[in-house]
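Quick look at run-v7.cif (mmCIF, C-alpha atoms and all ligand atoms):
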data_structure
#
loop_
_atom_site.label_atom_id
_atom_site.label_comp_id
_atom_site.auth_asym_id
_atom_site.auth_seq_id
_atom_site.Cartn_x
_atom_site.Cartn_y
_atom_site.Cartn_z
CA MET A 1 -49.94 61.10 78.54
CA ARG A 2 -47.24 58.55 77.74
CA PHE A 3 -47.70 54.81 77.29
CA THR A 4 -45.38 53.07 79.76
CA ARG A 5 -46.36 49.41 79.74
CA LEU A 6 -48.42 46.97 77.71
CA ARG A 7 -49.34 43.72 79.44
CA LEU A 8 -50.79 40.79 77.49
CA ASN A 9 -52.35 37.67 78.95
CA GLY A 10 -53.85 35.02 76.70
CA PHE A 11 -53.93 37.48 73.79
CA LYS A 12 -53.21 35.71 70.48
CA SER A 13 -49.76 34.07 70.69
CA PHE A 14 -49.04 35.65 74.12
CA VAL A 15 -50.54 32.84 76.20
CA ASP A 16 -48.52 33.60 79.34
CA PRO A 17 -48.61 37.04 80.99
CA THR A 18 -46.09 39.19 79.11
CA ASP A 19 -45.01 42.75 79.87
CA LEU A 20 -43.69 45.15 77.26
CA VAL A 21 -42.11 48.03 79.17
CA ILE A 22 -42.01 51.18 77.07
CA HIS A 23 -39.12 53.43 78.12
CA ASP A 24 -38.54 57.05 77.16
CA GLY A 25 -37.43 57.52 73.55
CA LEU A 26 -37.78 55.12 70.67
CA THR A 27 -38.77 51.50 71.27
CA GLY A 28 -37.99 48.90 68.62
CA VAL A 29 -39.44 45.39 68.54
CA VAL A 30 -37.45 42.89 66.51
CA GLY A 31 -37.86 39.17 66.03
CA PRO A 32 -38.23 36.40 63.46
CA ASN A 33 -41.29 36.07 61.24
CA GLY A 34 -44.36 34.96 63.14
CA CYS A 35 -42.97 35.70 66.61
CA GLY A 36 -45.81 38.11 67.41
CA LYS A 37 -44.60 41.63 66.53
CA SER A 38 -47.86 42.55 64.78
CA ASN A 39 -49.83 40.94 67.62
CA LEU A 40 -48.28 43.52 69.97
CA LEU A 41 -49.52 46.41 67.84
CA GLU A 42 -52.93 44.76 67.59
CA ALA A 43 -53.05 44.42 71.38
CA LEU A 44 -52.42 48.15 71.66
CA ARG A 45 -55.21 48.90 69.19
CA TRP A 46 -57.53 46.41 70.89
CA VAL A 47 -57.13 47.82 74.41
CA MET A 48 -57.95 51.27 72.99
CA GLY A 49 -61.34 49.95 71.90
CA GLU A 50 -60.92 48.49 68.40
CA ASN A 51 -64.21 46.77 67.59
CA ARG A 52 -63.61 45.41 64.08
CA PRO A 53 -62.42 41.77 64.20
CA THR A 54 -60.99 42.20 60.67
CA ALA A 55 -58.60 44.84 62.02
CA MET A 56 -57.36 42.08 64.35
CA ARG A 57 -56.97 39.70 61.38
CA GLY A 58 -59.85 37.59 62.73
CA GLU A 59 -63.42 36.69 61.83
CA GLY A 60 -64.88 37.25 65.29
CA MET A 61 -63.50 39.13 68.26
CA GLU A 62 -62.98 35.90 70.21
CA ASP A 63 -60.26 35.03 67.70
CA VAL A 64 -57.91 37.21 69.77
CA ILE A 65 -58.04 34.60 72.57
CA PHE A 66 -55.12 32.14 72.53
CA ALA A 67 -56.46 29.31 70.39
CA GLY A 68 -54.20 26.54 71.67
CA ALA A 69 -51.04 24.92 70.38
CA ALA A 70 -49.60 21.41 70.19
CA THR A 71 -48.59 21.49 73.86
CA ARG A 72 -51.06 24.03 75.34
CA GLY A 73 -54.83 24.08 75.48
CA ALA A 74 -56.87 27.06 74.33
CA ARG A 75 -57.59 29.82 76.86
CA HIS A 76 -61.05 31.06 77.86
CA PHE A 77 -60.15 34.70 78.07
CA ALA A 78 -57.68 37.27 76.85
CA GLU A 79 -56.69 40.42 78.67
CA VAL A 80 -54.60 43.40 77.67
CA SER A 81 -53.72 46.25 79.98
CA LEU A 82 -52.11 49.52 79.03
CA SER A 83 -50.42 51.74 81.61
CA ILE A 84 -50.19 55.43 80.94
CA ASP A 85 -48.04 57.98 82.76
CA ASN A 86 -50.41 60.79 83.64
CA SER A 87 -48.12 62.66 86.04
CA GLU A 88 -48.56 65.80 83.93
CA ARG A 89 -52.33 65.43 84.31
CA LEU A 90 -53.02 65.61 80.59
CA ALA A 91 -55.74 62.95 80.59
CA PRO A 92 -59.27 64.09 79.69
CA SER A 93 -61.47 65.13 82.58
CA GLY A 94 -63.12 62.25 84.35
CA PHE A 95 -59.89 60.24 84.15
CA ASN A 96 -57.51 62.84 85.43
CA ASP A 97 -57.23 62.18 89.14
CA SER A 98 -54.18 59.88 89.30
CA ASP A 99 -50.55 59.76 88.16
CA VAL A 100 -51.00 56.42 86.40
CA LEU A 101 -53.92 55.27 84.30
CA GLU A 102 -54.39 51.58 83.76
CA ILE A 103 -56.82 50.64 81.02
CA VAL A 104 -57.80 46.98 80.95
CA ARG A 105 -59.85 45.15 78.33
CA ARG A 106 -60.80 41.56 78.87
CA ILE A 107 -62.71 39.26 76.57
CA THR A 108 -64.20 36.00 77.77
CA ARG A 109 -65.56 33.35 75.43
CA ASP A 110 -69.36 33.78 75.03
CA ALA A 111 -69.35 36.87 77.29
CA GLY A 112 -67.76 39.56 75.11
CA SER A 113 -65.49 42.39 76.21
CA ALA A 114 -65.36 44.33 79.46
CA TYR A 115 -63.28 47.43 80.18
CA LYS A 116 -61.82 48.96 83.33
CA VAL A 117 -59.96 52.18 83.97
CA ASN A 118 -58.03 52.05 87.26
CA THR A 119 -60.12 49.05 88.39
CA LYS A 120 -63.43 50.88 87.77
CA ASP A 121 -65.83 49.33 85.24
CA VAL A 122 -66.35 51.58 82.22
CA ARG A 123 -68.01 51.30 78.82
CA ALA A 124 -66.15 50.71 75.54
CA ARG A 125 -67.24 54.17 74.49
CA ASP A 126 -65.61 55.75 77.57
CA VAL A 127 -62.27 54.18 76.65
CA GLN A 128 -62.64 55.15 72.98
CA MET A 129 -63.44 58.75 73.98
CA LEU A 130 -60.55 58.85 76.46
CA PHE A 131 -58.13 58.12 73.62
CA ALA A 132 -59.97 60.22 71.04
CA ASP A 133 -59.78 63.23 73.37
CA ALA A 134 -56.06 62.58 73.68
CA SER A 135 -55.85 62.57 69.82
CA THR A 136 -55.01 58.91 69.55
CA GLY A 137 -56.91 55.61 69.54
CA ALA A 138 -57.45 52.40 67.63
CA HIS A 139 -57.83 54.28 64.32
CA SER A 140 -54.93 56.64 64.84
CA PRO A 141 -52.87 57.11 61.65
CA ALA A 142 -49.85 56.72 63.93
CA LEU A 143 -50.58 52.97 64.01
CA VAL A 144 -49.56 51.56 60.65
CA ARG A 145 -50.60 47.97 60.09
CA GLN A 146 -48.81 45.48 57.89
CA GLY A 147 -49.44 46.01 54.19
CA GLN A 148 -50.87 49.48 54.75
CA ILE A 149 -47.97 51.28 53.06
CA SER A 150 -48.08 49.13 49.92
CA GLU A 151 -51.90 49.51 49.92
CA LEU A 152 -51.40 53.26 49.89
CA ILE A 153 -48.79 53.12 47.11
CA ASN A 154 -50.82 50.76 44.91
CA ALA A 155 -54.23 52.35 45.53
CA LYS A 156 -56.08 54.12 42.72
CA PRO A 157 -56.06 57.94 43.20
CA LYS A 158 -59.62 58.08 44.58
CA ALA A 159 -58.98 55.29 47.11
CA ARG A 160 -55.65 56.84 48.07
CA ARG A 161 -57.37 60.15 48.69
CA ARG A 162 -59.90 58.40 50.94
CA ILE A 163 -57.06 56.87 52.99
CA LEU A 164 -55.34 60.25 53.31
CA GLU A 165 -58.61 61.95 54.24
CA GLU A 166 -59.23 59.36 56.92
CA ALA A 167 -55.69 59.90 58.24
CA ALA A 168 -56.31 63.65 58.29
CA GLY A 169 -59.51 63.04 60.22
CA ILE A 170 -61.72 64.84 57.70
CA SER A 171 -63.80 61.92 56.43
CA GLY A 172 -66.52 62.86 58.97
CA LEU A 173 -66.75 66.28 57.32
CA TYR A 174 -67.60 64.65 53.97
CA GLN A 175 -70.41 62.70 55.58
CA ARG A 176 -71.77 65.91 57.11
CA ARG A 177 -71.43 67.70 53.74
CA HIS A 178 -73.35 64.91 52.01
CA GLU A 179 -76.13 65.17 54.60
CA ALA A 180 -76.22 68.97 54.16
CA GLU A 181 -76.44 68.58 50.35
CA LEU A 182 -79.41 66.20 50.71
CA LYS A 183 -81.17 68.74 52.96
CA LEU A 184 -80.40 71.55 50.52
CA SER A 185 -81.81 69.68 47.54
CA GLY A 186 -84.93 68.86 49.60
CA ALA A 187 -85.34 72.57 50.39
CA GLU A 188 -84.85 73.49 46.68
CA GLN A 189 -87.58 71.04 45.67
CA ASN A 190 -89.93 72.53 48.27
CA LEU A 191 -89.19 76.03 46.95
CA ALA A 192 -89.92 74.90 43.39
CA ARG A 193 -93.26 73.50 44.59
CA VAL A 194 -94.08 76.81 46.32
CA ASP A 195 -93.28 78.64 43.05
CA ASP A 196 -95.68 76.33 41.17
CA VAL A 197 -98.45 77.01 43.68
CA LEU A 198 -97.83 80.78 43.56
CA GLU A 199 -97.99 80.69 39.74
CA GLN A 200 -101.31 78.83 39.83
CA LEU A 201 -102.72 81.34 42.34
CA GLY A 202 -101.50 84.36 40.37
P1 LIG B 301 -44.08 38.79 60.52
O1 LIG B 301 -42.70 39.30 60.78
O2 LIG B 301 -44.10 37.60 59.62
O3 LIG B 301 -45.05 39.82 60.12
P2 LIG B 301 -44.94 38.87 63.28
O4 LIG B 301 -43.78 38.82 64.21
O5 LIG B 301 -45.60 40.19 63.05
O6 LIG B 301 -44.60 38.18 61.91
P3 LIG B 301 -47.53 38.04 64.12
O7 LIG B 301 -48.25 38.15 62.82
O8 LIG B 301 -47.74 39.10 65.13
O9 LIG B 301 -46.00 37.83 63.85
O10 LIG B 301 -47.87 36.66 64.85
C1 LIG B 301 -48.37 35.60 64.15
C2 LIG B 301 -48.37 34.40 65.09
O11 LIG B 301 -49.41 34.57 66.05
C3 LIG B 301 -48.67 33.16 64.30
O12 LIG B 301 -47.76 32.16 64.72
C4 LIG B 301 -50.07 32.78 64.72
O13 LIG B 301 -50.28 31.40 64.75
C5 LIG B 301 -50.13 33.35 66.13
N1 LIG B 301 -51.51 33.62 66.53
C6 LIG B 301 -52.37 34.54 66.03
N2 LIG B 301 -53.57 34.46 66.64
C7 LIG B 301 -53.46 33.47 67.55
C8 LIG B 301 -54.35 32.89 68.50
N3 LIG B 301 -55.62 33.34 68.66
N4 LIG B 301 -53.90 31.88 69.27
C9 LIG B 301 -52.64 31.42 69.14
N5 LIG B 301 -51.74 31.92 68.29
C10 LIG B 301 -52.14 32.93 67.49
#
Represent the structure from my file as structure tokens, please.
Amino acid sequence: MRFTRLRLNGFKSFVDPTDLVIHDGLTGVVGPNGCGKSNLLEALRWVMGENRPTAMRGEGMEDVIFAGAATRGARHFAEVSLSIDNSERLAPSGFNDSDVLEIVRRITRDAGSAYKVNTKDVRARDVQMLFADASTGAHSPALVRQGQISELINAKPKARRRILEEAAGISGLYQRRHEAELKLSGAEQNLARVDDVLEQLG
């Protein structure tokens, strides 16, 4: 699966429909401060199902909709579509019946987000799982947001370890270990109670 095109319409500063064609090899995006380079990366994360407005540098998800400028009124919706070359049929099952996958996310003021894969309505979770199964997604460590490197360098050792663990995808294992430890200590307490009862009986 290879990303081939990102189309933005009304997303943040990209008020007019804008195509970013992603060719084979390395793609670089250059431009002056504030021209929208980070917005492009955020659009990519957003179409893959990002659901934290803070990760989009906003307070609510509707903040991704073009908010208006001196000469242009605000828009009522924002849409991002991501085209994926699936000619090698590497997409997860359920999405693997065409050469091109087009994932579209649209947000409308007061109506929230809606997703489509190849024009078919799907749930946010379907899109998130599609990318998770392909080992990528909105939380992929391959997407490095602004300030993340200096955060990593300046972080205290424990916080840095948490970031690295998240990148390695093992933070879920810690949660499961914690839950297992709670169960174990519950079982140990029950055993101690059984011992007490046995002692009283004997
Ligand atoms: P830098 O090089 O300084 O990091 P950049 O090229 O990454 O800049 P971005 O941070 O992607 O730029 O873009 C910021 C611009 O996007 C700002 O001008 C900001 O006003 C504009 N912007 C962000 N959200 C919206 C919105 N909802 N509506 C209109 N414009 C927006």
Using 6 Å as the limit and counting all atoms listed in the file, can you tabulate each residue of chain A that touches ligand LIG 301 (chain B), with its shortest atom-to-atom distance in Å and the two atoms involved, as a Markdown table?
| residue | atom | partner | partner_atom | distance |
| --- | --- | --- | --- | --- |
| A:Lys12 | CA | B:LIG301 | C8 | 3.6 |
| A:Ser13 | CA | B:LIG301 | N5 | 3.8 |
| A:Pro32 | CA | B:LIG301 | O1 | 6.0 |
| A:Asn33 | CA | B:LIG301 | O1 | 3.6 |
| A:Gly34 | CA | B:LIG301 | O9 | 3.4 |
| A:Cys35 | CA | B:LIG301 | O4 | 4.0 |
| A:Gly36 | CA | B:LIG301 | O8 | 3.1 |
| A:Lys37 | CA | B:LIG301 | O4 | 3.7 |
| A:Ser38 | CA | B:LIG301 | O8 | 3.5 |
| A:Asn39 | CA | B:LIG301 | O8 | 3.7 |
| A:Asp63 | CA | B:LIG301 | N3 | 5.0 |
| A:Val64 | CA | B:LIG301 | N3 | 4.6 |
| A:Ile65 | CA | B:LIG301 | N3 | 4.8 |
| A:Phe66 | CA | B:LIG301 | N4 | 3.5 |
| A:Ala67 | CA | B:LIG301 | N4 | 3.8 |
| A:Gly68 | CA | B:LIG301 | C9 | 5.7 |
Q. Which is closest to Asp99 in chain A among A:Ala124, A:Met1, A:Val80, A:Ala192, if we use all atoms listed in the file?
A. A:Met1
How close does range 5-52 of chain A get to range 133-137 of chain A? List, as a Markdown table, each residue of range 5-52 of chain A within 8 Å, its nearest atom pair and the distance in Å to one decimal, counting only C-alpha atoms.
| residue | atom | partner | partner_atom | distance |
| --- | --- | --- | --- | --- |
| A:Arg45 | CA | A:Gly137 | CA | 6.9 |
| A:Met48 | CA | A:Gly137 | CA | 5.6 |
| A:Gly49 | CA | A:Gly137 | CA | 7.6 |
Q: Please provide as an MDAnalysis selection string all residues within 9 Å of Phe77 in chain A, with the sequence filter that same-chain residues fewer than 6 positions apart are discarded (counting only C-alpha atoms).
A: chainID A and resid 9:11 62 64:66 106:109
Q: Just the residues within 12 Å of Ser93 in chain A, please, counting all atoms listed in the file, with nothing from its chain fewer than 5 positions along; format it as a PyMOL selection string.
A: chain A and resi 86+98+126+129-131+133-134
Q) Which is closest to Asp24 in chain A among A:Ser113, A:Gln175, A:Ser87, A:Thr4, if we use only C-alpha atoms? A)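 Among the listed residues, A:Thr4 lies closest to Asp24 in chain A.
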Q: Give the answer as one residue: which of A:Ser185, A:Ser81, A:Ser140, A:Thr54 has the shortest atom-to-atom distance to Arg5 in chain A, using only C-alpha atoms?
A: A:Ser81
**Q.** Residue among A:Leu8, A:Ala70, A:Ala114, A:Val194 lying closest to Val127 in chain A, counting all atoms listed in the file
**A.**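 Smallest separation from Val127 in chain A among the options: A:Ala114.
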Q) Using only C-alpha atoms, which of the listed residues (A:Ala180, A:Glu151, A:Glu188, A:Ala132) sits closest to Leu164 in chain A? A)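 Checking each of A:Ala180, A:Glu151, A:Glu188, A:Ala132 against Leu164 in chain A, counting only C-alpha atoms, the winner is A:Glu151.
Taking CA of Val100 in chain A and CA of Gln128 in chain A as endpoints, the distance between them is 17.8 Å.
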Q. If you measure from CA of Arg105 in chain A to CA of Pro92 in chain A, what distance in Å do you get, rounded to one decimal?
A. 19.0 Å
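From CA of Gly112 in chain A back to CA of Gly60 in chain A, the distance works out to 10.5 Å.
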Q: Between A:Leu184, A:Leu6, A:Ala74, A:Ala168, single out the one closest to Glu102 in chain A, counting all atoms listed in the file.
A: A:Leu6
Could you write range 14-46 of chain A of the block just shown to a file containing N, CA and C atoms, as an mmCIF file, in the first residue's frame?
data_model
loop_
_atom_site.group_PDB
_atom_site.id
_atom_site.type_symbol
_atom_site.label_atom_id
_atom_site.label_comp_id
_atom_site.auth_asym_id
_atom_site.auth_seq_id
_atom_site.Cartn_x
_atom_site.Cartn_y
_atom_site.Cartn_z
ATOM 1 N N PHE A 14 -6.129 25.362 3.801
ATOM 2 C CA PHE A 14 -6.359 24.935 2.413
ATOM 3 C C PHE A 14 -7.830 25.092 2.050
ATOM 4 N N VAL A 15 -8.256 26.341 1.863
ATOM 5 C CA VAL A 15 -9.678 26.607 1.629
ATOM 6 C C VAL A 15 -10.131 26.084 0.267
ATOM 7 N N ASP A 16 -9.289 26.216 -0.754
ATOM 8 C CA ASP A 16 -9.653 25.708 -2.080
ATOM 9 C C ASP A 16 -9.144 24.281 -2.242
ATOM 10 N N PRO A 17 -9.831 23.470 -3.065
ATOM 11 C CA PRO A 17 -9.362 22.097 -3.261
ATOM 12 C C PRO A 17 -7.895 22.076 -3.704
ATOM 13 N N THR A 18 -7.094 21.323 -2.999
ATOM 14 C CA THR A 18 -5.648 21.275 -3.257
ATOM 15 C C THR A 18 -5.194 19.829 -3.288
ATOM 16 N N ASP A 19 -4.457 19.460 -4.326
ATOM 17 C CA ASP A 19 -3.941 18.092 -4.442
ATOM 18 C C ASP A 19 -2.450 18.051 -4.147
ATOM 19 N N LEU A 20 -2.041 17.131 -3.313
ATOM 20 C CA LEU A 20 -0.612 16.869 -3.130
ATOM 21 C C LEU A 20 -0.370 15.492 -3.737
ATOM 22 N N VAL A 21 0.312 15.474 -4.884
ATOM 23 C CA VAL A 21 0.569 14.189 -5.546
ATOM 24 C C VAL A 21 1.875 13.637 -4.991
ATOM 25 N N ILE A 22 1.805 12.402 -4.514
ATOM 26 C CA ILE A 22 2.987 11.808 -3.876
ATOM 27 C C ILE A 22 3.593 10.798 -4.858
ATOM 28 N N HIS A 23 4.731 11.162 -5.437
ATOM 29 C CA HIS A 23 5.377 10.282 -6.420
ATOM 30 C C HIS A 23 6.225 9.247 -5.705
ATOM 31 N N ASP A 24 6.761 8.307 -6.479
ATOM 32 C CA ASP A 24 7.695 7.326 -5.935
ATOM 33 C C ASP A 24 8.885 8.061 -5.323
ATOM 34 N N GLY A 25 9.515 7.472 -4.324
ATOM 35 C CA GLY A 25 10.713 8.080 -3.747
ATOM 36 C C GLY A 25 10.364 9.095 -2.681
ATOM 37 N N LEU A 26 11.320 9.952 -2.403
ATOM 38 C CA LEU A 26 11.175 10.905 -1.298
ATOM 39 C C LEU A 26 10.418 12.157 -1.751
ATOM 40 N N THR A 27 9.464 12.603 -0.939
ATOM 41 C CA THR A 27 8.752 13.841 -1.245
ATOM 42 C C THR A 27 9.114 14.877 -0.188
ATOM 43 N N GLY A 28 9.534 16.047 -0.622
ATOM 44 C CA GLY A 28 9.840 17.117 0.322
ATOM 45 C C GLY A 28 8.825 18.234 0.161
ATOM 46 N N VAL A 29 8.421 18.833 1.272
ATOM 47 C CA VAL A 29 7.506 19.980 1.199
ATOM 48 C C VAL A 29 8.245 21.167 1.801
ATOM 49 N N VAL A 30 8.456 22.194 1.029
ATOM 50 C CA VAL A 30 9.181 23.356 1.543
ATOM 51 C C VAL A 30 8.313 24.603 1.377
ATOM 52 N N GLY A 31 8.526 25.573 2.215
ATOM 53 C CA GLY A 31 7.761 26.807 2.088
ATOM 54 C C GLY A 31 8.016 27.693 3.294
ATOM 55 N N PRO A 32 7.648 28.970 3.191
ATOM 56 C CA PRO A 32 7.891 29.899 4.296
ATOM 57 C C PRO A 32 7.074 29.540 5.541
ATOM 58 N N ASN A 33 7.465 30.113 6.651
ATOM 59 C CA ASN A 33 6.741 29.873 7.907
ATOM 60 C C ASN A 33 5.266 30.199 7.736
ATOM 61 N N GLY A 34 4.428 29.309 8.245
ATOM 62 C CA GLY A 34 2.993 29.568 8.251
ATOM 63 C C GLY A 34 2.296 29.271 6.937
ATOM 64 N N CYS A 35 3.004 28.673 5.976
ATOM 65 C CA CYS A 35 2.357 28.438 4.674
ATOM 66 C C CYS A 35 1.486 27.185 4.688
ATOM 67 N N GLY A 36 1.603 26.356 5.717
ATOM 68 C CA GLY A 36 0.710 25.199 5.820
ATOM 69 C C GLY A 36 1.380 23.835 5.744
ATOM 70 N N LYS A 37 2.699 23.784 5.947
ATOM 71 C CA LYS A 37 3.409 22.491 5.857
ATOM 72 C C LYS A 37 2.895 21.529 6.936
ATOM 73 N N SER A 38 2.789 22.022 8.157
ATOM 74 C CA SER A 38 2.314 21.139 9.240
ATOM 75 C C SER A 38 0.854 20.759 9.020
ATOM 76 N N ASN A 39 0.084 21.684 8.434
ATOM 77 C CA ASN A 39 -1.333 21.379 8.164
ATOM 78 C C ASN A 39 -1.468 20.167 7.241
ATOM 79 N N LEU A 40 -0.503 20.006 6.331
ATOM 80 C CA LEU A 40 -0.539 18.853 5.416
ATOM 81 C C LEU A 40 -0.395 17.547 6.188
ATOM 82 N N LEU A 41 0.569 17.547 7.119
ATOM 83 C CA LEU A 41 0.808 16.339 7.916
ATOM 84 C C LEU A 41 -0.398 16.047 8.814
ATOM 85 N N GLU A 42 -0.990 17.146 9.310
ATOM 86 C CA GLU A 42 -2.182 16.969 10.157
ATOM 87 C C GLU A 42 -3.350 16.417 9.343
ATOM 88 N N ALA A 43 -3.444 16.841 8.082
ATOM 89 C CA ALA A 43 -4.519 16.330 7.218
ATOM 90 C C ALA A 43 -4.347 14.826 7.031
ATOM 91 N N LEU A 44 -3.104 14.403 6.882
ATOM 92 C CA LEU A 44 -2.820 12.975 6.697
ATOM 93 C C LEU A 44 -3.237 12.192 7.949
ATOM 94 N N ARG A 45 -2.875 12.751 9.097
ATOM 95 C CA ARG A 45 -3.222 12.084 10.361
ATOM 96 C C ARG A 45 -4.743 12.075 10.562
ATOM 97 N N TRP A 46 -5.364 13.159 10.170
ATOM 98 C CA TRP A 46 -6.819 13.328 10.382
ATOM 99 C C TRP A 46 -7.613 12.336 9.542
#
